[in-house]
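Since the structure comes first, as structure tokens, the remarks are kept for the end.
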Protein chains: 4
Amino acid sequence: MSHSKKIPVAIVGASGYAGEDLVRLLLGHPDADLVAITSRQYAGQTLAQVFPKFSHFPKAKALRFTEPNAELLAKDAEVVFLALPHGVAAEFAVPLLQLGCKVIDLSADFRVKSAETYKEFYAHDHPAPELLAKSVYGLPEAYRNEIRNATLVACRGCYPTSILLPTLPLLREKLIQSNGIIADSLSGVSGAGRKVELDYLFAECNESMRPYGVPKHRHLSEIEQELSKAAGATVTIQFTPHLIPVNRGILTTLYLQPTDLNVEKHGERVAACYQKAYAQEPFIRILEGKALPDTKNVVGTNFLELAWRVDPRTKRLIVMSAEDNIVKGTSGQAIQCFNILSNLSETTGLY
Amino acid sequence: MSHSKKIPVAIVGASGYAGEDLVRLLLGHPDADLVAITSRQYAGQTLAQVFPKFSHFPKAKALRFTEPNAELLAKDAEVVFLALPHGVAAEFAVPLLQLGCKVIDLSADFRVKSAETYKEFYAHDHPAPELLAKSVYGLPEAYRNEIRNATLVACRGCYPTSILLPTLPLLREKLIQSNGIIADSLSGVSGAGRKVELDYLFAECNESMRPYGVPKHRHLSEIEQELSKAAGATVTIQFTPHLIPVNRGILTTLYLQPTDLNVEKHGERVAACYQKAYAQEPFIRILEGKALPDTKNVVGTNFLELAWRVDPRTKRLIVMSAEDNIVKGTSGQAIQCFNILSNLSETTGLY
Amino acid sequence: MSHSKKIPVAIVGASGYAGEDLVRLLLGHPDADLVAITSRQYAGQTLAQVFPKFSHFPKAKALRFTEPNAELLAKDAEVVFLALPHGVAAEFAVPLLQLGCKVIDLSADFRVKSAETYKEFYAHDHPAPELLAKSVYGLPEAYRNEIRNATLVACRGCYPTSILLPTLPLLREKLIQSNGIIADSLSGVSGAGRKVELDYLFAECNESMRPYGVPKHRHLSEIEQELSKAAGATVTIQFTPHLIPVNRGILTTLYLQPTDLNVEKHGERVAACYQKAYAQEPFIRILEGKALPDTKNVVGTNFLELAWRVDPRTKRLIVMSAEDNIVKGTSGQAIQCFNILSNLSETTGLY
Amino acid sequence: MSHSKKIPVAIVGASGYAGEDLVRLLLGHPDADLVAITSRQYAGQTLAQVFPKFSHFPKAKALRFTEPNAELLAKDAEVVFLALPHGVAAEFAVPLLQLGCKVIDLSADFRVKSAETYKEFYAHDHPAPELLAKSVYGLPEAYRNEIRNATLVACRGCYPTSILLPTLPLLREKLIQSNGIIADSLSGVSGAGRKVELDYLFAECNESMRPYGVPKHRHLSEIEQELSKAAGATVTIQFTPHLIPVNRGILTTLYLQPTDLNVEKHGERVAACYQKAYAQEPFIRILEGKALPDTKNVVGTNFLELAWRVDPRTKRLIVMSAEDNIVKGTSGQAIQCFNILSNLSETTGLY
């Protein structure tokens, strides 16, 4: 299944945490050839100079960061990853697509299908609304076929991944009510990106636990869009993110209301639903027995692990998921999408 | 208001995290005289030998850990703190009370008023059911008058503190529905006590986030008892604790359903309710403006801080609280109760 | 020994980590009255607004941060603490002293007696060389009498405290050679101050251990000045600081060469030397038996704990010390100096 | 260079941190076939049950932990890794070697060539002194040829790796004096293994920095053996390990005395020496410019990174190294040795 010829790829914005992790994954990817990396801050320096830890890779001393330039990128690369802030990403996506590249965007620019919703949550006009219909939401577990033929993949956010994967199959099979969903999430500090702000200093985060962005976090826009699609009805959820002193990881606890109040039977149906949806998925691990998700078991990997309990006292279904916010939440999912649209084995470079 | 004569006190089980913190607070307490500390493990050693950090206190070199013995304790101490596991605590409470001591128990033995509920949650018969009617639940913010006259105070658990203080006034004033309450809590690892188990090793906890005890944690028994009392109806809640890599602190996020769906008005009523209930409370800090609770602001203190938001999208009320699980959650609240029943200023030794 | 009237004090630069900790200690100090706090960034806001955790102190809602102004400060305060960067501190010290205030400076401006050495290490001319002769080095264990009569105290740096206290008595009694001293130090991240720089982001520090400032850290200037004075000869030492993912604390390991190679006898002489020097010191804890220093035993306190071992294999003396870099290293030592020059009991507000 | 047939391998003691990491590396190794894993504690359970995180590997559900049995292991495996405590490892090495297996031992049993020294440091008679002459010290950078033909490899300890790699070339080329070497090391808590002891609880390690094992740590025996060999003279060093609250990593700072006191020239000779020794080494990264080692750059990898400074003030050479204590320090070096003695490319499964 592997290409005889490697696919030339580029990363725009390769010096943030997501970009750096993409570099790591692409350097180790047997079917990708990283031909260009851009960074305004580091333009002119080699990859080895900026990230000494990559210096054992043959190309680390030759590959230099450049200023981002769509025309130059399109000359060398077939697939371009955008690891840029929202708003800026769209500006590069437009010319790259016109020049024939496939674009895998890690920003929020093409996740929400409605330019109006985008404006409500991101507080500015959508920079390229004409592309919204074209983009595919980068959730392989839900849109594998669409990604295969996509030219623009909008990789989902880190929180949405941890919320959507546990809930979509349940909503589709009507095992839970579409109203009253609560998602309580904990994120490691790398989720804030390599942003030099007081709030993310070591001494401000260590020995601290705190909620933030309550009650209207931006990721709600894409989460509710996808939940609504699965439910066939408008879904509005409660979502509370918290900042936790770990480098990586998201742990989400979901509070859901079963449609069937026969607890024992409901448990069986949930088990069957997840088996059907995910038993063949290469990156979803359904925990058995007494095990509960723990981010330390998924950090550094593209796995999401999940477990659930039906509470006989409250008749509620509790589903818990753990993922690496940078890998499964960002760079790893992007590679998974890249593998799919490049017709490679989906786990290439990720196991 | 300060006694001319110091009150002689003793701690049974003074070598766990709660016991050690009680020692710290009592050594610094101007109106208490710590006359006895017990520990099976350290019997015979001085306080300074076991905890060098207390060695500058004059009595640290003279005070020795002893085997616990109710008769000897009762001879010297007027008030005895029990920092023992549940089940064991009751065994000491019985003779100490008979010998005329006041007992401040930090275990779960006397929190739940029903011996039956106790058995359901703690899996053994209650060791002294005849004392249940006599014990007072150690929540000064709710039972200040009862504590003043109590001889047996059952200090509440660390999670219950973080859940009850934000919810009781709302339930009493019927500002929230009594059903459907969800409490999502994060705890530092000291909450597990000085227990030498694999799960609490540094390398198992650090860079890890995980739920545990889902869905039926023991603290539910006392939480639901107190919520039911406040609501005037049987309350069953959802409670999910998580283990987080910090030494100390509990952060609780509560999902509540307002009785009044007029969001703006509801917000005003919540604000008024908390003002009325807590403006005069010495250890509750209601955050204003954009501030949200952060455990780093309360660690090492007896404060609980809280903030709330009404979500106009979901019509739900989100209340968040932060406390030090050892101080406000355990040892500090015990001192607060001690101050009350000793007729001292409530903040003595705690500010 | 306590004043009938509280001493009015002010803090210039009260919003960094050191300044904030000074606020904490002065609010709790029974003989000090904090009358003014300055901060360019927070001018106009109350103490309670900037630091909600102090809001239970009666004056927190009344006391406002102001722009720093020497004349206004001198009107209200008798003693002024400067928690400012080096260079800037001297600019305030000059007028404050002229206006009759006593100044306790936490910066490096008046620690080094030689303006030339200052320039070598701090890379600019000394801003007020005429004050150097007047300033007293704020190490109570060495300069208690001088501090008592000082009007300008130059509080030592956090690393120097952890290095000087273990070595000065040994040098004075000629128990160690004055050449070849090596100090290997580990510091928590708060040591960098509340500086918003990439290097101090949580995700850059957590799960990281790294040396920095090798081989010529600025603190060498004051360390070597004091060691030379104690040795009666020019001392040049090796000093390597490391950044460690804890909030607070400095752990220093010293490698020293005994003058007497009879190991057993040397151990006895070291023990006697430390007993003589420190048995009566209120904030130095000499560990006995098998105990070794651990920063967790001193964090939040003004204590320095130390232990030593003579290695029979190498004939070297290893001395290890632990302190809180912010308290004993900065704010606590400043209060200790304040107590001395105000003729208060030295431990006031610090035990 | 890859085998047409995979090499069957086994791990004895596969449930500690080192064993678990060996499992991880061998599951991903293209030329090794993990055919047996033993663990008294988990015998009978599958790999997927004990370590759910490996469950996506095809064999995780089939491979079961067994009781260790040399005869059975020798039937299936050509190479056996021993991840056992010292003393116990030798008991397995003897029969496995007799049965024709190659043995890669991660314990301390065969590192020290002298049974007498072993007894001095490990406090019991050597269990198989007849094998000492046969064993090869598992430091590829020094003994690559010997490892190629070895049947018994004694993998070095985690601290020795971080100390020997920076010093051996300097000693061999007589660039540093062989006496007076000081190694100050910092280790993450996983270095203590999965040992359930009070000292390694999260709340005892987090926010703590402390030395231990001062002044005579067991690893001195092998360190001094190898340094002496390189120097051609008996070398006795000073070594102080510290416990630091990170999961993984060792950071060592070495204080060395140049033989040549011409600082500038010495720097050039050190640079040349390291270039000659390590420029072709696949897992040693010599940092350039201002960069200093940081454990976060090597964690999870088999790299050791190093940097050095000559201090013109003290004429001393400071060398700093960083490694992952579990990978380069233990399991990764074992795989590197395995690759060499199996005639595979040395980086197989490690890049």
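Every chain in the structure tokens takes a letter, A first, then B, and so on in the order presented; its residues are numbered from 1, and the ligands are numbered from 1 following the presented order.
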
Residues of chain D within 6 Å of chain C, counting only C-alpha atoms, what are they? List them as a ChimeraX atom specification. /D:207-210,215,246,294-296,311

Can you tell me which residues surround range 270-286 of chain D at a distance of at most 10 Å, considering only C-alpha atoms, apart from same-chain residues fewer than 6 positions away, and format the answer as a ChimeraX atom specification? /A:52-53,55-56 /D:140-142,165-170,172-173,175-176,258,292-293,298,301-310,317,321-323,328,333,336,346-347,350-351

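The neighbours of Phe338 in chain D here are the residues that come within 8 Å of it, using only C-alpha atoms and leaving out any residue fewer than 4 positions away in the same chain; they are Ile104, Ala334 and Ser342 of chain D.
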
So which residues touch range 74-78 of chain D within 8 Å, counting only C-alpha atoms, skipping near sequence neighbours fewer than 3 positions away, as a list in words? Ile7, Pro8, Val9, Ala10, Val35, Ala36, Ala70, Glu71, Leu96, Leu99, Gly100, Cys101 and Lys102 of chain D

For the selection you just gave me, I'd like the residues written to a file as a CSV table (one decimal), in the first residue's frame, keeping N, CA and C atoms.
```csv
chain,number,residue,atom,x,y,z
D,7,ILE,N,14.3,-12.2,15.2
D,7,ILE,CA,15.0,-12.9,16.3
D,7,ILE,C,14.1,-13.1,17.5
D,8,PRO,N,13.9,-14.3,17.9
D,8,PRO,CA,13.0,-14.5,19.0
D,8,PRO,C,13.6,-14.0,20.4
D,9,VAL,N,12.9,-13.2,21.1
D,9,VAL,CA,13.5,-12.6,22.3
D,9,VAL,C,12.4,-12.8,23.5
D,10,ALA,N,13.0,-12.7,24.7
D,10,ALA,CA,12.1,-12.8,25.9
D,10,ALA,C,12.6,-11.8,26.9
D,35,VAL,N,8.6,-13.2,22.2
D,35,VAL,CA,7.9,-14.5,22.3
D,35,VAL,C,7.5,-14.8,23.7
D,36,ALA,N,8.2,-14.2,24.7
D,36,ALA,CA,7.8,-14.5,26.1
D,36,ALA,C,8.1,-13.4,27.0
D,70,ALA,N,13.7,-20.8,33.2
D,70,ALA,CA,14.8,-20.7,32.3
D,70,ALA,C,14.7,-21.7,31.1
D,71,GLU,N,14.3,-23.0,31.4
D,71,GLU,CA,14.2,-24.0,30.4
D,71,GLU,C,13.2,-23.6,29.3
D,96,LEU,N,20.4,-19.8,31.7
D,96,LEU,CA,20.0,-19.4,30.3
D,96,LEU,C,21.3,-19.4,29.5
D,99,LEU,N,22.0,-22.9,28.6
D,99,LEU,CA,21.1,-23.5,27.6
D,99,LEU,C,21.2,-22.8,26.2
D,100,GLY,N,22.3,-22.0,26.1
D,100,GLY,CA,22.6,-21.4,24.8
D,100,GLY,C,22.0,-20.1,24.4
D,101,CYS,N,21.3,-19.5,25.4
D,101,CYS,CA,20.8,-18.1,25.1
D,101,CYS,C,21.9,-17.1,25.2
D,102,LYS,N,21.7,-16.0,24.5
D,102,LYS,CA,22.4,-14.8,24.8
D,102,LYS,C,21.6,-14.0,25.9
```

Please identify all polymer residues within 12 Å of Pro85 in chain A, counting only C-alpha atoms, omitting same-chain residues fewer than 2 positions from it, and present them as a list in words. Val12, Gly13, Ala14, Gly16, Ala18, Gly19, Leu82, Ala83, Gly87, Val88, Ala89, Ala90, Glu91, Phe92, Asp105, Leu106, Ser107, Ala108, Asp109, Tyr122, Ala192, Gly193, Arg194 and Lys195 of chain A

Select from range 45-161 of chain D everything DSSP, run on the backbone, classes as strand (DSSP E), then give the selection as a PyMOL selection string. chain D and resi 65-66+79-82+102-105+136-137+152-154

Please, could you write that set of residues out with all heavy atoms as a short mmCIF file (atom, residue, chain, number, x, y, z; two decimals), in the first residue's frame?
```
data_model
loop_
_atom_site.label_atom_id
_atom_site.label_comp_id
_atom_site.auth_asym_id
_atom_site.auth_seq_id
_atom_site.Cartn_x
_atom_site.Cartn_y
_atom_site.Cartn_z
N PHE D 65 1.82 -13.16 30.29
CA PHE D 65 2.89 -13.22 31.28
C PHE D 65 2.93 -14.65 31.84
O PHE D 65 1.88 -15.26 32.06
CB PHE D 65 2.62 -12.25 32.44
CG PHE D 65 2.88 -10.82 32.08
CD1 PHE D 65 1.87 -10.02 31.56
CD2 PHE D 65 4.14 -10.26 32.26
CE1 PHE D 65 2.10 -8.69 31.23
CE2 PHE D 65 4.38 -8.92 31.93
CZ PHE D 65 3.36 -8.15 31.41
N THR D 66 4.15 -15.16 32.05
CA THR D 66 4.29 -16.48 32.66
C THR D 66 5.20 -16.37 33.89
O THR D 66 5.87 -15.36 34.08
CB THR D 66 4.95 -17.48 31.69
OG1 THR D 66 6.27 -16.97 31.38
CG2 THR D 66 4.16 -17.61 30.40
N VAL D 79 17.55 -14.61 22.50
CA VAL D 79 18.12 -13.58 23.36
C VAL D 79 17.13 -13.31 24.49
O VAL D 79 15.93 -13.14 24.24
CB VAL D 79 18.37 -12.27 22.57
CG1 VAL D 79 18.97 -11.20 23.48
CG2 VAL D 79 19.28 -12.54 21.37
N VAL D 80 17.65 -13.28 25.71
CA VAL D 80 16.78 -13.03 26.86
C VAL D 80 17.25 -11.76 27.60
O VAL D 80 18.43 -11.64 27.94
CB VAL D 80 16.77 -14.22 27.83
CG1 VAL D 80 15.85 -13.92 29.04
CG2 VAL D 80 16.30 -15.49 27.12
N PHE D 81 16.31 -10.85 27.82
CA PHE D 81 16.58 -9.64 28.60
C PHE D 81 16.17 -9.90 30.05
O PHE D 81 15.05 -10.35 30.30
CB PHE D 81 15.77 -8.46 28.07
CG PHE D 81 16.14 -8.02 26.68
CD1 PHE D 81 15.60 -8.64 25.56
CD2 PHE D 81 17.05 -6.99 26.48
CE1 PHE D 81 15.93 -8.24 24.27
CE2 PHE D 81 17.38 -6.56 25.20
CZ PHE D 81 16.84 -7.20 24.08
N LEU D 82 17.05 -9.58 30.98
CA LEU D 82 16.73 -9.74 32.39
C LEU D 82 16.50 -8.35 33.01
O LEU D 82 17.42 -7.56 33.11
CB LEU D 82 17.86 -10.43 33.14
CG LEU D 82 18.29 -11.81 32.62
CD1 LEU D 82 19.44 -12.36 33.47
CD2 LEU D 82 17.12 -12.79 32.63
N LYS D 102 21.67 -15.99 24.50
CA LYS D 102 22.42 -14.79 24.81
C LYS D 102 21.62 -14.01 25.87
O LYS D 102 20.39 -13.98 25.81
CB LYS D 102 22.61 -13.93 23.57
CG LYS D 102 23.54 -14.60 22.56
CD LYS D 102 23.73 -13.75 21.33
CE LYS D 102 24.64 -14.47 20.32
NZ LYS D 102 24.76 -13.71 19.06
N VAL D 103 22.34 -13.43 26.81
CA VAL D 103 21.65 -12.75 27.90
C VAL D 103 22.05 -11.28 27.94
O VAL D 103 23.24 -10.94 27.93
CB VAL D 103 21.99 -13.43 29.26
CG1 VAL D 103 21.45 -12.59 30.42
CG2 VAL D 103 21.40 -14.83 29.30
N ILE D 104 21.04 -10.41 27.97
CA ILE D 104 21.27 -8.98 28.15
C ILE D 104 20.68 -8.61 29.50
O ILE D 104 19.45 -8.59 29.67
CB ILE D 104 20.64 -8.16 27.00
CG1 ILE D 104 21.31 -8.57 25.67
CG2 ILE D 104 20.79 -6.66 27.25
CD1 ILE D 104 20.77 -7.87 24.44
N ASP D 105 21.56 -8.39 30.45
CA ASP D 105 21.15 -8.20 31.84
C ASP D 105 21.10 -6.71 32.17
O ASP D 105 22.08 -6.00 32.03
CB ASP D 105 22.13 -8.92 32.76
CG ASP D 105 21.76 -8.73 34.23
OD1 ASP D 105 20.58 -8.43 34.51
OD2 ASP D 105 22.65 -8.89 35.08
N VAL D 136 30.33 -8.58 29.27
CA VAL D 136 30.82 -7.36 28.62
C VAL D 136 29.99 -6.19 29.13
O VAL D 136 28.76 -6.27 29.22
CB VAL D 136 30.69 -7.47 27.09
CG1 VAL D 136 31.03 -6.14 26.42
CG2 VAL D 136 31.55 -8.60 26.57
N TYR D 137 30.66 -5.10 29.49
CA TYR D 137 29.96 -3.92 29.99
C TYR D 137 29.22 -3.26 28.83
O TYR D 137 29.83 -2.89 27.80
CB TYR D 137 30.98 -2.96 30.61
CG TYR D 137 30.38 -1.86 31.46
CD1 TYR D 137 29.69 -2.14 32.64
CD2 TYR D 137 30.51 -0.53 31.08
CE1 TYR D 137 29.16 -1.13 33.42
CE2 TYR D 137 29.97 0.49 31.87
CZ TYR D 137 29.29 0.18 33.04
OH TYR D 137 28.75 1.19 33.81
N LEU D 152 26.95 -12.49 27.14
CA LEU D 152 26.39 -11.89 28.35
C LEU D 152 26.76 -10.40 28.40
O LEU D 152 27.93 -10.06 28.55
CB LEU D 152 26.95 -12.60 29.60
CG LEU D 152 26.61 -11.98 30.97
CD1 LEU D 152 25.11 -11.86 31.18
CD2 LEU D 152 27.23 -12.78 32.10
N VAL D 153 25.74 -9.57 28.23
CA VAL D 153 25.98 -8.13 28.28
C VAL D 153 25.43 -7.58 29.60
O VAL D 153 24.28 -7.86 29.95
CB VAL D 153 25.29 -7.41 27.10
CG1 VAL D 153 25.43 -5.90 27.24
CG2 VAL D 153 25.88 -7.88 25.78
N ALA D 154 26.27 -6.86 30.32
CA ALA D 154 25.84 -6.24 31.57
C ALA D 154 25.54 -4.78 31.29
O ALA D 154 26.45 -3.94 31.25
CB ALA D 154 26.94 -6.36 32.61
#
```

Report the residues of range 113-197 of chain D whose backbone DSSP state falls under helix (DSSP H, G or I), written as a ChimeraX atom specification. /D:115-122,129-131,140-148,158-172,189-192

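For Tyr42 in chain B, the set of protein, DNA and RNA residues having any atom at most 9 Å away, when counting only C-alpha atoms and skipping those fewer than 4 positions along the same chain, is Ser15, Thr38, Thr46, Val50, Arg64, Phe65, Thr66 and Glu67 of chain B.
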
List the neighbours of Ile326 in chain D out to 8 Å using only C-alpha atoms; skip same-chain residues closer than 4 positions along the sequence, and give me the result as a PDB file with C-alpha atoms, in the first residue's frame.
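Once written, around07.pdb looks like this:
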```
ATOM      1  CA  TYR D  17       9.300   0.488  34.509  1.00  0.00           C
ATOM      2  CA  ALA D  18      12.385  -0.815  32.697  1.00  0.00           C
ATOM      3  CA  ASP D  21       9.754   0.107  28.353  1.00  0.00           C
ATOM      4  CA  CYS D 158      21.374   4.969  34.480  1.00  0.00           C
ATOM      5  CA  SER D 190      10.990   6.609  37.809  1.00  0.00           C
ATOM      6  CA  GLY D 191      14.644   5.922  38.587  1.00  0.00           C
ATOM      7  CA  ARG D 248      12.009  10.723  33.589  1.00  0.00           C
ATOM      8  CA  GLY D 249      15.469  12.051  32.929  1.00  0.00           C
ATOM      9  CA  THR D 330      18.232   1.339  30.725  1.00  0.00           C
ATOM     10  CA  SER D 331      15.954  -0.152  28.083  1.00  0.00           C
ATOM     11  CA  GLY D 332      17.168   1.768  25.048  1.00  0.00           C
TER      12      GLY D 332
END
```
